[in-house]
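Containing mmCIF, C-alpha atoms: structure06.cif.
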```cif
data_data
#
loop_
_atom_site.label_atom_id
_atom_site.label_comp_id
_atom_site.auth_asym_id
_atom_site.auth_seq_id
_atom_site.Cartn_x
_atom_site.Cartn_y
_atom_site.Cartn_z
CA MET A 1 -16.52 12.84 -22.85
CA MET A 2 -13.93 11.43 -25.23
CA THR A 3 -15.56 8.02 -25.11
CA GLN A 4 -18.91 9.56 -25.91
CA ALA A 5 -17.44 11.38 -28.90
CA THR A 6 -15.90 8.24 -30.38
CA GLU A 7 -19.15 6.32 -29.92
CA ILE A 8 -21.07 8.66 -32.22
CA THR A 9 -20.95 7.53 -35.83
CA ASN A 10 -19.97 9.86 -38.64
CA ASP A 11 -23.53 9.73 -39.97
CA GLY A 12 -24.88 10.68 -36.54
CA LEU A 13 -22.48 13.61 -36.32
CA LEU A 14 -23.38 14.67 -39.83
CA ARG A 15 -27.10 14.70 -38.98
CA ARG A 16 -26.42 16.84 -35.93
CA MET A 17 -24.18 19.08 -37.98
CA ILE A 18 -26.94 19.63 -40.56
CA ALA A 19 -29.22 20.64 -37.70
CA GLY A 20 -26.70 23.34 -36.80
CA ASP A 21 -24.84 21.59 -33.97
CA GLU A 22 -21.43 23.28 -33.89
CA GLU A 23 -19.95 20.74 -31.50
CA ALA A 24 -20.90 17.91 -33.85
CA PHE A 25 -19.21 19.70 -36.73
CA MET A 26 -16.04 20.17 -34.73
CA LEU A 27 -16.01 16.51 -33.67
CA LEU A 28 -16.50 15.41 -37.25
CA TYR A 29 -13.82 17.80 -38.50
CA ARG A 30 -11.28 16.70 -35.91
CA ARG A 31 -12.03 13.08 -36.64
CA MET A 32 -11.77 13.33 -40.43
CA GLN A 33 -9.35 16.14 -41.21
CA PRO A 34 -6.02 14.45 -40.38
CA ALA A 35 -6.62 11.74 -42.99
CA ILE A 36 -7.75 14.27 -45.60
CA TYR A 37 -4.75 16.49 -44.87
CA ARG A 38 -2.32 13.57 -45.04
CA TYR A 39 -3.83 12.43 -48.33
CA ALA A 40 -3.53 15.92 -49.83
CA LEU A 41 0.01 16.27 -48.48
CA ARG A 42 1.13 12.90 -49.78
CA MET A 43 -0.39 13.59 -53.17
CA SER A 44 0.91 17.14 -53.51
CA GLY A 45 3.96 17.21 -51.24
CA ASN A 46 2.96 20.78 -50.41
CA PRO A 47 1.73 21.53 -46.85
CA ALA A 48 0.14 24.87 -47.79
CA LEU A 49 -1.76 23.26 -50.67
CA ALA A 50 -2.74 20.35 -48.40
CA GLU A 51 -4.21 22.81 -45.89
CA ASP A 52 -6.08 24.65 -48.63
CA VAL A 53 -7.51 21.40 -49.93
CA THR A 54 -8.53 20.30 -46.43
CA GLN A 55 -10.26 23.63 -45.92
CA GLU A 56 -12.05 23.37 -49.27
CA VAL A 57 -13.23 19.84 -48.51
CA PHE A 58 -14.91 20.87 -45.28
CA MET A 59 -16.20 24.13 -46.80
CA ALA A 60 -17.95 21.99 -49.39
CA LEU A 61 -19.38 19.82 -46.62
CA ILE A 62 -20.68 22.89 -44.77
CA ARG A 63 -22.15 24.50 -47.87
CA ASP A 64 -23.71 21.49 -49.52
CA THR A 65 -24.12 18.64 -47.07
CA LYS A 66 -26.91 17.11 -49.14
CA ARG A 67 -24.43 16.13 -51.83
CA PHE A 68 -23.37 13.24 -49.60
CA ASP A 69 -25.44 10.14 -50.26
CA PRO A 70 -24.88 7.39 -47.65
CA ALA A 71 -26.16 4.84 -50.15
CA ARG A 72 -23.12 5.49 -52.35
CA GLY A 73 -20.47 4.99 -49.69
CA THR A 74 -18.98 6.25 -46.49
CA LEU A 75 -18.51 9.88 -45.54
CA GLY A 76 -14.75 9.28 -45.61
CA GLY A 77 -14.88 8.10 -49.20
CA PHE A 78 -17.01 11.11 -50.10
CA LEU A 79 -14.58 13.57 -48.48
CA PHE A 80 -11.54 11.96 -50.10
CA GLY A 81 -13.36 12.25 -53.43
CA ILE A 82 -13.80 16.00 -52.91
CA ALA A 83 -10.16 16.32 -51.87
CA ARG A 84 -9.07 14.49 -55.00
CA ASN A 85 -11.14 16.77 -57.23
CA HIS A 86 -9.74 19.87 -55.57
CA LEU A 87 -6.19 18.59 -55.95
CA ARG A 88 -6.76 17.95 -59.63
CA LYS A 89 -8.25 21.41 -60.12
CA ARG A 90 -5.28 22.98 -58.41
CA TRP A 91 -2.87 20.99 -60.53
CA GLU A 92 -4.68 22.02 -63.67
CA GLN A 93 -4.56 25.64 -62.53
CA ASP A 94 -0.91 25.51 -61.69
CA ARG A 95 -0.05 23.60 -64.87
CA ARG A 96 2.99 22.26 -63.26
CA SER A 97 4.16 18.86 -62.24
CA VAL A 98 4.48 18.41 -58.56
CA SER A 99 7.86 17.44 -57.35
CA LEU A 100 7.16 15.70 -54.12
CA ALA A 101 10.78 15.12 -53.25
CA ALA A 102 11.54 18.83 -53.52
CA ASP A 103 8.85 19.66 -50.98
CA LEU A 104 9.51 16.88 -48.51
CA GLU A 105 11.71 18.93 -46.25
CA GLU A 106 9.15 21.76 -46.14
CA SER A 107 6.31 19.32 -45.49
CA GLY A 108 7.62 18.17 -42.12
CA LEU A 109 7.89 14.61 -43.37
CA PRO A 110 11.19 12.93 -42.44
CA ALA A 111 13.78 13.44 -45.15
CA PRO A 112 14.51 10.56 -47.53
CA ALA A 113 17.54 8.46 -46.70
CA GLY A 114 20.82 9.05 -48.50
CA PRO A 115 22.46 6.44 -50.73
CA ASN A 116 24.39 4.87 -47.88
CA GLY A 117 21.59 2.80 -46.45
CA LYS A 118 21.54 -0.94 -46.32
CA GLY A 119 19.95 -3.04 -49.03
CA LEU A 120 16.66 -4.83 -48.88
CA PRO A 121 16.48 -7.33 -46.06
CA VAL A 122 16.29 -10.94 -47.06
CA GLY A 123 15.97 -12.43 -43.62
CA ALA A 124 13.99 -11.79 -40.45
CA ASP A 125 17.14 -10.81 -38.60
CA ASP A 126 18.16 -8.29 -41.24
CA LYS A 127 16.01 -5.39 -40.06
CA LEU A 128 16.58 -1.82 -41.06
CA ALA A 129 15.99 0.99 -38.67
CA SER A 130 12.33 1.92 -39.04
CA GLY A 131 13.12 5.55 -39.84
CA GLU A 132 15.32 4.64 -42.74
CA THR A 133 12.80 2.14 -44.01
CA ALA A 134 10.02 4.70 -43.87
CA ALA A 135 12.14 7.23 -45.71
CA ARG A 136 12.93 4.81 -48.51
CA VAL A 137 9.34 3.71 -48.90
CA ARG A 138 8.11 7.31 -48.82
CA GLU A 139 10.60 8.30 -51.46
CA ALA A 140 9.52 5.41 -53.64
CA ILE A 141 5.85 6.31 -53.22
CA ALA A 142 6.60 9.88 -54.28
CA THR A 143 7.92 8.68 -57.62
CA LEU A 144 4.81 6.66 -58.47
CA PRO A 145 2.45 7.96 -61.15
CA GLU A 146 -0.53 9.80 -59.64
CA ASN A 147 -3.15 7.04 -60.15
CA TYR A 148 -0.96 4.46 -58.49
CA ARG A 149 0.21 6.79 -55.76
CA GLU A 150 -3.33 7.59 -54.66
CA ALA A 151 -4.20 3.88 -54.54
CA VAL A 152 -1.23 3.28 -52.20
CA VAL A 153 -2.00 6.36 -50.10
CA LEU A 154 -5.65 5.44 -49.60
CA CYS A 155 -5.48 1.64 -49.32
CA GLU A 156 -2.12 1.22 -47.59
CA LEU A 157 -1.34 4.40 -45.67
CA GLU A 158 -4.94 5.33 -44.78
CA GLU A 159 -6.00 1.67 -44.59
CA MET A 160 -9.18 2.20 -46.58
CA SER A 161 -11.04 -0.79 -47.97
CA TYR A 162 -11.23 -1.26 -51.73
CA GLU A 163 -14.89 -0.19 -51.55
CA GLU A 164 -14.12 3.10 -49.79
CA ALA A 165 -11.22 3.80 -52.12
CA ALA A 166 -13.43 3.09 -55.12
CA VAL A 167 -15.86 5.80 -53.95
CA ALA A 168 -13.04 8.25 -53.33
CA LEU A 169 -11.38 7.56 -56.67
CA ASP A 170 -14.70 7.33 -58.51
CA CYS A 171 -13.80 4.05 -60.19
CA PRO A 172 -14.77 0.37 -59.91
CA ILE A 173 -13.39 -1.76 -57.07
CA GLY A 174 -11.54 -3.94 -59.57
CA THR A 175 -9.70 -0.88 -60.85
CA VAL A 176 -8.62 0.04 -57.31
CA ARG A 177 -7.40 -3.48 -56.72
CA SER A 178 -5.45 -3.67 -59.97
CA ARG A 179 -3.95 -0.19 -59.48
CA LEU A 180 -2.85 -1.12 -55.96
CA HIS A 181 -1.29 -4.37 -57.13
CA ARG A 182 0.54 -2.59 -59.91
CA ALA A 183 1.64 0.15 -57.50
CA ARG A 184 3.00 -2.34 -54.98
CA THR A 185 4.86 -4.19 -57.72
CA MET A 186 6.36 -0.89 -58.87
CA LEU A 187 7.35 -0.03 -55.30
CA MET A 188 9.07 -3.36 -54.87
CA GLU A 189 10.94 -2.86 -58.13
CA LYS A 190 12.00 0.66 -57.12
CA LEU A 191 13.21 -0.52 -53.74
CA ARG A 192 15.07 -3.40 -55.39
CA GLU A 193 16.74 -0.99 -57.82
CA ARG A 194 17.70 1.29 -54.98
CA GLN A 195 19.24 -1.68 -53.19
CA SER A 196 21.38 -2.50 -56.23
CA VAL A 197 22.49 1.11 -56.57
CA ARG A 198 23.38 1.30 -52.93
CA HIS A 199 25.24 -1.95 -53.04
CA ALA A 200 27.23 -0.69 -56.00
CA TRP A 201 27.79 2.67 -54.32
CA GLY A 202 28.82 0.99 -51.09
CA VAL A 203 31.25 -1.35 -52.91
CA SER A 204 32.86 1.47 -54.88
CA LYS A 205 33.25 3.42 -51.68
CA MET B 1 -1.56 -34.19 -49.33
CA ASN B 2 -4.02 -31.98 -47.53
CA GLU B 3 -7.62 -32.55 -48.51
CA GLY B 4 -9.07 -29.47 -50.18
CA ALA B 5 -5.62 -27.92 -50.74
CA ILE B 6 -5.55 -25.47 -53.65
CA HIS B 7 -2.85 -25.78 -56.28
CA VAL B 8 -0.69 -22.67 -56.33
CA ASP B 9 2.17 -22.11 -58.74
CA CYS B 10 4.58 -19.22 -59.29
CA ALA B 11 2.16 -17.42 -61.64
CA ARG B 12 -0.64 -17.65 -59.10
CA ILE B 13 1.68 -16.30 -56.39
CA GLY B 14 2.32 -13.28 -58.59
CA GLU B 15 -1.44 -12.69 -58.86
CA ILE B 16 -2.22 -12.95 -55.16
CA LEU B 17 1.04 -11.70 -53.67
CA HIS B 18 -0.31 -8.30 -52.63
CA ASP B 19 -3.50 -9.65 -51.10
CA LEU B 20 -1.85 -12.27 -48.88
CA ASP B 21 -1.67 -9.92 -45.91
CA ARG B 22 -4.97 -8.14 -46.58
CA PRO B 23 -7.58 -9.44 -44.11
CA GLY B 24 -10.52 -11.11 -45.80
CA ALA B 25 -9.19 -10.62 -49.30
CA LEU B 26 -8.30 -14.27 -49.89
CA ASP B 27 -9.62 -17.64 -48.81
CA SER B 28 -7.56 -19.03 -45.92
CA LYS B 29 -6.89 -22.27 -47.79
CA LEU B 30 -5.50 -20.34 -50.72
CA VAL B 31 -3.20 -18.42 -48.39
CA GLU B 32 -2.01 -21.67 -46.78
CA SER B 33 -1.33 -23.18 -50.19
CA ALA B 34 0.55 -20.06 -51.31
CA LEU B 35 2.76 -20.16 -48.22
CA ALA B 36 3.35 -23.88 -48.71
CA HIS B 37 4.44 -23.23 -52.31
CA ALA B 38 6.80 -20.45 -51.17
CA GLU B 39 8.54 -22.89 -48.83
CA SER B 40 9.56 -24.98 -51.79
CA CYS B 41 10.26 -22.13 -54.27
CA SER B 42 13.09 -19.72 -53.52
CA ARG B 43 11.93 -17.15 -56.10
CA CYS B 44 8.45 -16.96 -54.60
CA ALA B 45 9.94 -16.96 -51.08
CA GLN B 46 12.00 -13.92 -52.12
CA LEU B 47 8.86 -12.21 -53.48
CA LEU B 48 6.98 -12.88 -50.26
CA THR B 49 9.82 -11.49 -48.19
CA GLU B 50 9.98 -8.36 -50.30
CA ALA B 51 6.22 -7.94 -50.02
CA GLU B 52 6.44 -8.32 -46.25
CA TRP B 53 9.22 -5.76 -46.13
CA LEU B 54 7.12 -3.38 -48.22
CA ASP B 55 4.21 -3.88 -45.84
CA PHE B 56 6.49 -3.14 -42.93
CA GLY B 57 7.75 -0.01 -44.63
CA LEU B 58 4.23 1.20 -45.47
CA LYS B 59 3.04 0.61 -41.91
CA THR B 60 6.05 2.48 -40.59
CA VAL B 61 5.33 5.43 -42.87
CA ALA B 62 1.66 5.42 -41.82
CA ALA B 63 2.59 5.29 -38.13
CA ARG B 64 5.19 8.04 -38.39
CA GLU B 65 2.86 10.38 -40.23
CA SER B 66 -0.25 9.59 -38.22
CA ASN B 67 0.04 12.83 -36.22
CA LEU B 68 0.17 15.08 -39.28
CA GLN B 69 -2.86 17.34 -39.54
CA ALA B 70 -4.00 20.70 -40.79
CA GLY B 71 -3.13 23.72 -38.67
CA PRO B 72 -5.52 25.54 -36.31
CA ARG B 73 -6.00 28.32 -38.89
CA VAL B 74 -8.09 25.96 -41.03
CA GLU B 75 -10.26 24.99 -38.08
CA ALA B 76 -10.88 28.65 -37.20
CA VAL B 77 -11.84 29.51 -40.79
CA LEU B 78 -14.21 26.57 -41.00
CA LEU B 79 -15.81 27.31 -37.64
CA ARG B 80 -16.48 30.90 -38.73
CA GLU B 81 -18.00 29.68 -42.00
CA PHE B 82 -20.16 27.14 -40.15
CA ARG B 83 -21.50 29.83 -37.79
CA ASN B 84 -22.20 32.28 -40.63
CA ARG B 85 -23.85 29.59 -42.67
CA HIS B 86 -26.18 28.46 -39.92
CA ALA B 87 -27.00 32.00 -38.87
CA ALA B 88 -28.04 32.69 -42.46
CA ILE B 89 -30.08 29.46 -42.54
CA ALA B 90 -31.81 30.41 -39.29
CA ARG B 91 -32.58 33.87 -40.68
CA ARG B 92 -33.97 32.40 -43.89
CA ARG B 93 -36.03 29.89 -41.92
CA PHE B 94 -37.50 32.71 -39.81
CA GLN B 95 -38.34 34.72 -42.93
CA TRP B 96 -39.99 31.69 -44.50
CA ARG B 97 -42.05 31.08 -41.38
CA LEU B 98 -43.10 34.72 -41.34
CA ALA B 99 -44.07 34.59 -45.00
CA ALA B 100 -45.99 31.34 -44.46
CA LEU B 101 -47.80 32.84 -41.49
CA GLY B 102 -48.74 35.91 -43.51
CA THR B 103 -49.96 33.80 -46.41
CA ALA B 104 -52.03 31.66 -44.06
CA ALA B 105 -53.56 34.77 -42.49
CA VAL B 106 -54.48 36.15 -45.92
CA VAL B 107 -56.04 32.84 -46.94
CA VAL B 108 -58.05 32.60 -43.71
CA LEU B 109 -59.23 36.20 -44.13
CA ALA B 110 -60.23 35.61 -47.74
CA MET B 111 -62.10 32.43 -46.83
CA GLY B 112 -63.82 34.22 -43.95
CA LEU B 113 -64.96 37.01 -46.24
CA PHE B 114 -66.12 34.53 -48.83
CA LEU B 115 -68.07 32.50 -46.29
CA HIS B 116 -69.49 35.64 -44.76
CA GLN B 117 -70.77 36.76 -48.14
CA ARG B 118 -72.18 33.33 -48.90
CA LEU B 119 -73.82 32.66 -45.55
CA ALA B 120 -74.96 36.12 -44.43
CA PRO B 121 -78.74 36.81 -45.11
CA ARG B 122 -79.15 38.92 -48.21
CA PRO B 123 -81.01 42.15 -47.62
CA ASN B 124 -84.27 42.24 -49.54
CA VAL B 125 -83.73 45.82 -50.56
CA THR B 126 -82.46 46.58 -54.01
CA VAL B 127 -81.34 50.13 -54.33
CA VAL B 128 -81.31 51.83 -57.68
CA VAL B 129 -80.74 55.54 -57.73
CA ARG B 130 -82.94 56.97 -60.44
CA SER B 131 -82.53 60.67 -60.04
CA SER B 132 -80.99 63.26 -57.87
CA GLN B 133 -82.22 66.40 -59.56
CA ALA B 134 -85.79 67.04 -58.74
CA ALA B 135 -88.53 65.13 -57.08
CA PRO B 136 -91.43 64.09 -59.28
CA ALA B 137 -94.95 65.13 -58.51
CA VAL B 138 -96.27 63.58 -55.37
CA THR B 139 -99.89 63.11 -54.42
CA ALA B 140 -101.31 62.85 -50.97
CA PRO B 141 -102.29 59.36 -49.87
CA ASN B 142 -105.74 58.19 -50.89
CA SER B 143 -106.30 61.39 -52.86
CA GLY B 144 -107.56 59.44 -55.86
CA GLN B 145 -105.26 61.40 -58.15
CA GLN B 146 -103.96 59.55 -61.25
CA PRO B 147 -100.25 58.97 -61.55
CA LEU B 148 -98.37 61.51 -63.58
CA ALA B 149 -97.05 60.58 -66.98
CA GLY B 150 -93.58 61.69 -65.90
CA SER B 151 -93.62 59.23 -63.04
CA GLN B 152 -93.76 56.29 -65.38
CA ALA B 153 -90.55 54.25 -65.31
CA ALA B 154 -88.23 54.44 -68.26
CA ASP B 155 -88.30 50.69 -68.59
CA THR B 156 -91.15 49.83 -70.93
CA SER B 157 -91.81 46.55 -69.08
CA GLU B 158 -92.56 48.49 -65.90
CA TYR B 159 -95.70 50.09 -64.70
CA ALA B 160 -95.67 52.39 -61.69
CA THR B 161 -98.27 54.16 -59.63
CA GLY B 162 -97.94 57.79 -58.70
CA PHE B 163 -95.83 58.78 -55.71
CA VAL B 164 -97.70 58.87 -52.45
CA SER B 165 -96.20 60.95 -49.69
CA LEU B 166 -95.47 59.09 -46.49
CA PRO B 167 -97.31 60.07 -43.27
CA TYR B 168 -94.39 61.88 -41.63
CA ALA B 169 -93.01 63.43 -44.84
CA ASP B 170 -92.20 67.10 -45.23
CA ASP B 171 -93.80 69.24 -47.81
CA PRO B 172 -92.93 67.61 -51.15
CA SER B 173 -92.32 70.95 -52.77
CA THR B 174 -89.23 71.44 -50.59
CA LEU B 175 -87.52 68.29 -51.94
CA ASP B 176 -85.01 69.89 -54.31
CA ASP B 177 -82.16 67.42 -53.92
CA ALA B 178 -84.21 64.30 -53.56
CA ALA B 179 -83.20 60.90 -54.92
CA ILE B 180 -85.35 58.06 -56.13
CA VAL B 181 -84.27 54.60 -55.09
CA ARG B 182 -85.69 51.25 -56.13
CA VAL B 183 -86.40 48.94 -53.20
CA VAL B 184 -88.16 45.64 -52.69
CA LEU B 185 -90.36 45.67 -49.61
CA SER B 186 -92.47 43.03 -47.95
CA ARG B 187 -96.22 43.63 -47.72
CA PRO B 188 -96.12 44.12 -43.93
CA ALA B 189 -93.34 46.67 -44.38
CA LEU B 190 -95.45 48.52 -46.94
CA ALA B 191 -98.41 48.43 -44.60
CA SER B 192 -96.27 49.95 -41.85
CA LEU B 193 -95.45 52.81 -44.22
CA GLY B 194 -99.15 53.42 -44.69
CA VAL B 195 -99.36 51.74 -48.06
CA PRO B 196 -101.46 48.61 -47.66
CA VAL B 197 -101.20 46.35 -50.72
CA PRO B 198 -103.87 43.75 -51.36
CA ASP B 199 -102.56 40.21 -51.65
CA THR B 200 -103.24 39.76 -55.36
CA SER B 201 -100.02 38.16 -56.46
CA ASP B 202 -98.17 35.11 -55.32
CA THR B 203 -95.10 37.09 -54.31
CA GLU B 204 -94.63 38.33 -50.79
CA SER B 205 -92.31 41.21 -51.78
CA VAL B 206 -93.26 44.21 -53.85
CA PRO B 207 -90.88 46.45 -55.78
CA ALA B 208 -91.27 50.13 -55.04
CA ASP B 209 -89.53 53.45 -55.66
CA LEU B 210 -88.79 55.67 -52.71
CA ILE B 211 -88.08 59.38 -52.81
CA LEU B 212 -85.35 60.10 -50.31
CA SER B 213 -84.72 63.54 -48.96
CA GLU B 214 -81.24 64.98 -48.82
CA ASP B 215 -80.69 63.42 -45.42
CA GLY B 216 -81.87 59.99 -46.64
CA THR B 217 -85.32 60.03 -45.10
CA PRO B 218 -87.99 58.36 -47.25
CA GLU B 219 -90.52 61.02 -48.20
CA ALA B 220 -92.75 59.32 -50.76
CA ILE B 221 -93.35 55.93 -52.30
CA ARG B 222 -94.77 54.47 -55.44
CA LEU B 223 -95.36 50.85 -56.29
CA VAL B 224 -93.87 49.30 -59.36
CA SER B 225 -94.99 46.34 -61.37
CA GLN B 226 -92.29 44.74 -63.47
CA THR B 227 -94.37 41.97 -64.94
CA THR B 228 -97.04 43.53 -67.03
CA ALA B 229 -98.09 47.02 -67.88
CA GLU B 230 -101.75 46.25 -67.48
CA LYS B 231 -101.40 45.16 -63.92
CA SER B 232 -102.89 47.65 -61.49
CA PHE B 233 -102.36 48.13 -57.79
#
```
Rewrite the structure from the file as structure tokens, please.
Amino acid sequence: MMTQATEITNDGLLRRMIAGDEEAFMLLYRRMQPAIYRYALRMSGNPALAEDVTQEVFMALIRDTKRFDPARGTLGGFLFGIARNHLRKRWEQDRRSVSLAADLEESGLPAPAGPNGKGLPVGADDKLASGETAARVREAIATLPENYREAVVLCELEEMSYEEAAVALDCPIGTVRSRLHRARTMLMEKLRERQSVRHAWGVSK
Amino acid sequence: MNEGAIHVDCARIGEILHDLDRPGALDSKLVESALAHAESCSRCAQLLTEAEWLDFGLKTVAARESNLQAGPRVEAVLLREFRNRHAAIARRRFQWRLAALGTAAVVVLAMGLFLHQRLAPRPNVTVVVRSSQAAPAVTAPNSGQQPLAGSQAADTSEYATGFVSLPYADDPSTLDDAAIVRVVLSRPALASLGVPVPDTSDTESVPADLILSEDGTPEAIRLVSQTTAEKSF
């Protein structure tokens, strides 16, 4: 049963869903919603908002399936695009800047590491515990400007291709690539800075 | 030196640094050359290490958060919406089918009526009600009496004989509520009514006025000529 479900393509499920097949809709939802939810959560830092956005994305798919044009990209790219638009609308409505760090604890994401962690590794044998590494990287991602953060979230954390991300972000592939490069450079700088601060903090201690 | 090796310097490393680990993003020879340069350049080696560490960190974040998903409340809301939506679509589809069926039935009926009117044989009787007040004077058949002036048709292009009572007719004086109707009858039909018409024209049908009693029974007949006033029967 599970094997059969994974064999059906998204387009196949979508066709069945349009014909009113409830099971196909549920399969498609369960396949796609975790990525959409994670994207919304990573971009907003707010689990309730991420759930609302996920719900709105699939509501839009139910209500107006014909908006999706397979010639323009994958279903995933299309859904991420809707999620992005909903997030932006919500941000405009709220008129407030989202403080991701403040909501991290509420979100269920592991809390960022304190300033007593080790510095950046310079050798293969200098490995940090994976939890601490993840926390540092997550914290650094949260401080990125929105355009760069969404490039990292889609291309690195959700492992989308540049093409898929371009559809989701409604911009050329070259723009995705340059934003991702800039974002990664910024992340490396932030992590390097953090290392210096921690070294200094550790020395003074 | 390797044949076909691509020259990579520190600036080039900066350009391609973030694509080195991305499958298919760079040519394999370019990647090899970049790694070869990093072996001889500590600054670029440091950059590569940091990029690798960043990749490791990003993968760790992705793996740790891979089980995050929306709660069951969202799924329930969406399932309800999906069911409502498709029930409404099914209802609309049924209504459309019903409307289409009705329209088709109306069209078929209209076409049937049209064809029926076009193809059905036209009756050769033209009915024109002339009067319903009082019957005009009627003469007995073959009495030789001249037609009455009052029996002449109002149309100046018409000429009519006097009314001749039909063989089975009642007494003409009792016809108070009679009506005169204009009919076109074939010569054999006229002959069967006891009014033989000589074949003097090239038409097979002859216009005539019938006096109908209250119950619709023809009581008397007169022949009408619509062509010329001089024509006699």
Residues of chain B within 8 Å of chain A, counting all atoms listed in the file - could you list those as a VMD selection string?
chain B and resid 18 46 49 to 51 53 to 54 57 to 62 65 to 71 74 to 75 77 to 79 81 to 83 85 to 86
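In this model, the gap between atom CA of B:Leu17 and atom CA of A:Glu150 comes to 19.8 Å.
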What separation in Å, quoted to one decimal, exists between atom CA of B:Ser205 and atom CA of B:Thr161?
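Going from atom CA of B:Ser205 over to atom CA of B:Thr161 covers 16.3 Å.
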Explicit residues for the PyMOL selection byres ((chain A and resi 166) around 10) (as a list in words)
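Expected selection for the PyMOL selection byres ((chain A and resi 166) around 10) here is Gly73, Gly77, Gly81, Ala151, Leu154, Cys155, Met160, Ser161, Tyr162, Glu163, Glu164, Ala165, Val167, Ala168, Leu169, Asp170, Cys171, Pro172, Ile173, Gly174, Thr175, Val176 and Arg177 of chain A.
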In Å, rounded to a single decimal, give me how far atom CA of B:Val108 is from atom CA of B:Ala120.
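Atom CA of B:Ala120 sits 17.3 Å away from atom CA of B:Val108.
Across the chains present, the PyMOL selection byres ((chain B and resi 193) around 12) applied to this file returns Pro141, Val164, Ser165, Leu166, Pro167, Tyr168, Ala169, Leu185, Ser186, Arg187, Pro188, Ala189, Leu190, Ala191, Ser192, Gly194, Val195, Pro196, Val197, Ala208, Leu210, Pro218, Glu219, Ala220, Ile221 and Arg222 of chain B.
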Near-B:Val31 list (12 Å; only C-alpha atoms; drop same-chain fewer than 5 positions) as a compact mmCIF listing (two decimals) with C-alpha atoms, keeping the file's coordinate frame:
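Final file, result-v5.txt:
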```txt
# COMPACT_ATOMS: atom_id res chain seq x y z
CA ALA B 5 -5.62 -27.92 -50.74
CA ILE B 6 -5.55 -25.47 -53.65
CA HIS B 7 -2.85 -25.78 -56.28
CA VAL B 8 -0.69 -22.67 -56.33
CA ARG B 12 -0.64 -17.65 -59.10
CA ILE B 13 1.68 -16.30 -56.39
CA ILE B 16 -2.22 -12.95 -55.16
CA LEU B 17 1.04 -11.70 -53.67
CA HIS B 18 -0.31 -8.30 -52.63
CA ASP B 19 -3.50 -9.65 -51.10
CA LEU B 20 -1.85 -12.27 -48.88
CA ASP B 21 -1.67 -9.92 -45.91
CA ARG B 22 -4.97 -8.14 -46.58
CA PRO B 23 -7.58 -9.44 -44.11
CA GLY B 24 -10.52 -11.11 -45.80
CA ALA B 25 -9.19 -10.62 -49.30
CA LEU B 26 -8.30 -14.27 -49.89
CA ALA B 36 3.35 -23.88 -48.71
CA HIS B 37 4.44 -23.23 -52.31
CA ALA B 38 6.80 -20.45 -51.17
CA LEU B 48 6.98 -12.88 -50.26
```
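Minimum distance to A:Leu14 across A:Ser44, A:Asn85, A:Gln93, A:Thr65 (counting only C-alpha atoms) occurs at A:Thr65.
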Please give the centre and size of the box around stretch 14-27 of chain A (axis-aligned, containing every atom listed in the file, 4 Å added per side), with values in Å to one decimal and written as lines of an AutoDock Vina configuration file.
```
center_x = -22.6
center_y = 19.0
center_z = -36.0
size_x = 21.2
size_y = 16.7
size_z = 17.1
```
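Closest approach to B:Ile180 among B:Glu158, B:Thr217, B:Pro198, B:Gln117: B:Thr217, based on only C-alpha atoms.
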Which residues fall under the PyMOL selection byres ((chain A and resi 142) around 9) in this file, as a ChimeraX atom specification?
/A:42-43,45,99-101,137-141,143-146,149
Would you write out those residues with C-alpha atoms, as a compact mmCIF listing (two decimals), in the frame of the given file?
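File produced: again_25.txt:
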```txt
# COMPACT_ATOMS: atom_id res chain seq x y z
CA ARG A 42 1.13 12.90 -49.78
CA MET A 43 -0.39 13.59 -53.17
CA GLY A 45 3.96 17.21 -51.24
CA SER A 99 7.86 17.44 -57.35
CA LEU A 100 7.16 15.70 -54.12
CA ALA A 101 10.78 15.12 -53.25
CA VAL A 137 9.34 3.71 -48.90
CA ARG A 138 8.11 7.31 -48.82
CA GLU A 139 10.60 8.30 -51.46
CA ALA A 140 9.52 5.41 -53.64
CA ILE A 141 5.85 6.31 -53.22
CA THR A 143 7.92 8.68 -57.62
CA LEU A 144 4.81 6.66 -58.47
CA PRO A 145 2.45 7.96 -61.15
CA GLU A 146 -0.53 9.80 -59.64
CA ARG A 149 0.21 6.79 -55.76
```
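For the set B:Ala178, B:Cys10, B:Leu109, B:Leu212, the residue with the smallest atom-to-atom gap to B:Glu39 is B:Cys10, counting all atoms listed in the file.
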